[in-house]
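Undergrad: Sharing a structure with you now.
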Amino acid sequence: MDTGAGREPRQERSRATRARLLDAAVACLAERGAAGATVGAVAERAGVSRGAAQHHFPTREDLFLAALRYMLDNRGEELRRGAAAVPEGPGRTEAVVQMVVDAFSGMDFQAALQLWAAAASDPVLRERILPMEEQMGREVHRAAVDLLGADESAPGVRETVQATLDLARGLGLANLLADDGPRRRRIVRRWARVLDAELRGAPD
C-alpha cells in the first residue's frame, strides 16, 4: 500500500534529481555550448541515468527551457539579495550599477548566452525563450529604477537606465574571453557618474 510517508521520500528524491539535472545542464551549457549539452552529457554530469533524465525532461528543448527558468529564478533571488544590500548615500548609484553588472556575469550568464546563440538560428526555441528573457529584462530594469529612485517620465531617464542594462550585458560578454576586473570597475565608476548626472538633470 502506498502511504503518504512513502510518497514523501520519493518526492524528495525526485526533486533532488531534478535539481542535480538543472545544475548539470547549466554547467554543460556554460562549458560546452548548446551543441555539447546533450541529455546524455547532462545526465552523466548529474550522476543519473539517461532514462532518469528523460523522465524529468523528455526532450533536450524541455531541459534547456527548464534550465533557463531555473537560471532566471536564481538570478531573481540574487537581485533581491543584492537590492537589500545596496547602501544609502553617495555610493548608492555605483552600487546599483555594480549590482546590474553582476546580474550579467558568472556561469548562469554564460549558459544563458549559449541558449541565446542557439535560439538565434532556431525559430521554435527562440519563440519559447524570448518571453522568459523579456521577463528577466523587465525585472532587472524595474529593480534598477526602484533602487535609483529614477523618474522615468523625465526625458532621457528611461533610456539611460536601459543603457545601464545594455552596458552590463556587453561587459558580461567581454568577460567571457578575458577577466579584466580593474577595467570593469573603472567603467562601472564612470557610468555611475554619468547616470547620477542624468538622474539629477545636470550636465556630467
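Residue names in the C-alpha cells use chain letters A, B, ... in the order shown, residue numbers from 1 in each chain, and ligand numbers from 1 in the order shown.
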With a cut-off of 6 Å, could you pull out the residues of segment 25-106 of chain A touching segment 163-180 of chain A and give me the nearest pair of atoms for each, distance in Å to one decimal, using only C-alpha atoms, ordered by chain and ascending number, as a Markdown table?
TA:
```
| residue | atom | partner | partner_atom | distance |
| --- | --- | --- | --- | --- |
| A:Val101 | CA | A:Ala168 | CA | 4.4 |
| A:Phe104 | CA | A:Gly172 | CA | 5.4 |
| A:Ser105 | CA | A:Gly172 | CA | 5.1 |
```
Undergrad: What's around Arg75 of chain A at 10 Å? Count only C-alpha atoms, leave out sequence neighbours fewer than 6 positions away in its own chain, and write the answer as a ChimeraX atom specification.
TA: /A:69,81,102-104,108-109,136,139-140
Undergrad: For the residues in that selection, give me C-alpha atoms as a PDB file, in the first residue's frame.
TA:
```
ATOM      1  CA  ARG A  69      13.790  29.158 -15.970  1.00  0.00           C
ATOM      2  CA  ARG A  81      19.512  39.889  -2.011  1.00  0.00           C
ATOM      3  CA  ASP A 102      26.865  41.375 -11.610  1.00  0.00           C
ATOM      4  CA  ALA A 103      23.459  40.199 -12.870  1.00  0.00           C
ATOM      5  CA  PHE A 104      25.059  39.637 -16.279  1.00  0.00           C
ATOM      6  CA  ASP A 108      24.375  31.371 -15.357  1.00  0.00           C
ATOM      7  CA  PHE A 109      25.022  34.223 -17.789  1.00  0.00           C
ATOM      8  CA  MET A 136      14.138  38.986 -16.786  1.00  0.00           C
ATOM      9  CA  GLU A 139      12.731  42.648 -13.582  1.00  0.00           C
ATOM     10  CA  VAL A 140      16.297  43.967 -13.698  1.00  0.00           C
TER      11      VAL A 140
END
```
Undergrad: Near Arg18 of chain A, within 12 Å and counting only C-alpha atoms, which residues show up once chain neighbours fewer than 2 positions away are dropped, as a list in words?
TA: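 With the cut-off at 12 Å, the set is Gln11, Glu12, Arg13, Ser14, Arg15, Ala16, Arg20, Leu21, Leu22, Asp23, Ala24, Ala25, Val42, Ala43, Ala46, Gly47, Val48, Ala52, Ala53, Gln54, His55, His56, Phe57, Leu63, Ala66, Ala67 and Tyr70 of chain A.
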Undergrad: By how many Å are atom CA of Arg200 of chain A and atom CA of Arg80 of chain A apart?
TA: 25.6 Å
Undergrad: With only C-alpha atoms as the atoms that count, which of A:Arg45, A:Arg50, A:Arg32, A:Arg92 lies nearest to Ala192 of chain A?
TA: A:Arg92
Undergrad: Excluding same-chain residues fewer than 2 positions from His141 of chain A, what lies within 8 Å of it counting only C-alpha atoms, as a ChimeraX atom specification?
TA: /A:137-139,143-145,161-162,165
Undergrad: Generate the output file for the selected residues, C-alpha atoms, as a short mmCIF file (atom, residue, chain, number, x, y, z; two decimals), in the first residue's frame.
TA:
```cif
data_model
loop_
_atom_site.label_atom_id
_atom_site.label_comp_id
_atom_site.auth_asym_id
_atom_site.auth_seq_id
_atom_site.Cartn_x
_atom_site.Cartn_y
_atom_site.Cartn_z
CA GLY A 137 14.98 42.24 -18.55
CA ARG A 138 11.88 43.87 -17.09
CA GLU A 139 12.73 42.65 -13.58
CA ALA A 143 14.89 46.87 -9.74
CA ALA A 144 17.35 49.46 -11.05
CA VAL A 145 14.63 52.13 -11.38
CA VAL A 161 18.61 53.20 -17.21
CA GLN A 162 18.15 50.82 -20.13
CA LEU A 165 21.47 47.08 -18.68
#
```
Undergrad: Between A:Ala119, A:Leu29, A:Arg185, A:Gly149, single out the one closest to Glu133 of chain A, counting only C-alpha atoms.
TA: A:Ala119
Undergrad: With distances taken over only C-alpha atoms, which residue among A:Leu147, A:Ala37, A:Ala117, A:Asn74 lies nearest Val86 of chain A?
TA: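 Smallest distance to Val86 of chain A is found for A:Leu147.
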Undergrad: So, counting only C-alpha atoms, which residue among A:Glu61, A:Gln98, A:Ile187, A:Ala150 is closest to Glu127 of chain A?
TA: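 Nearest to Glu127 of chain A: A:Glu61.
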Undergrad: From the set A:Ala41, A:Leu199, A:Val97, A:Met107, which residue has the shortest atom-to-atom contact distance to Arg186 of chain A, counting only C-alpha atoms?
TA: A:Val97
Undergrad: Rank nothing, just name the residue among A:Ala111, A:Val124, A:Val39, A:Ala84 nearest to Leu72 of chain A, using only C-alpha atoms.
TA: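 Checking each candidate against Leu72 of chain A, we get A:Ala111 as the closest.
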Undergrad: When you look at Glu94 of chain A with a cut-off of 9 Å (counting only C-alpha atoms), what residues show up, excluding the ones that are within fewer than 6 positions of it in the same chain? I need them as JSON, numbers by chain.
TA: {"A": [188, 189, 190, 191, 192, 193, 195, 196]}
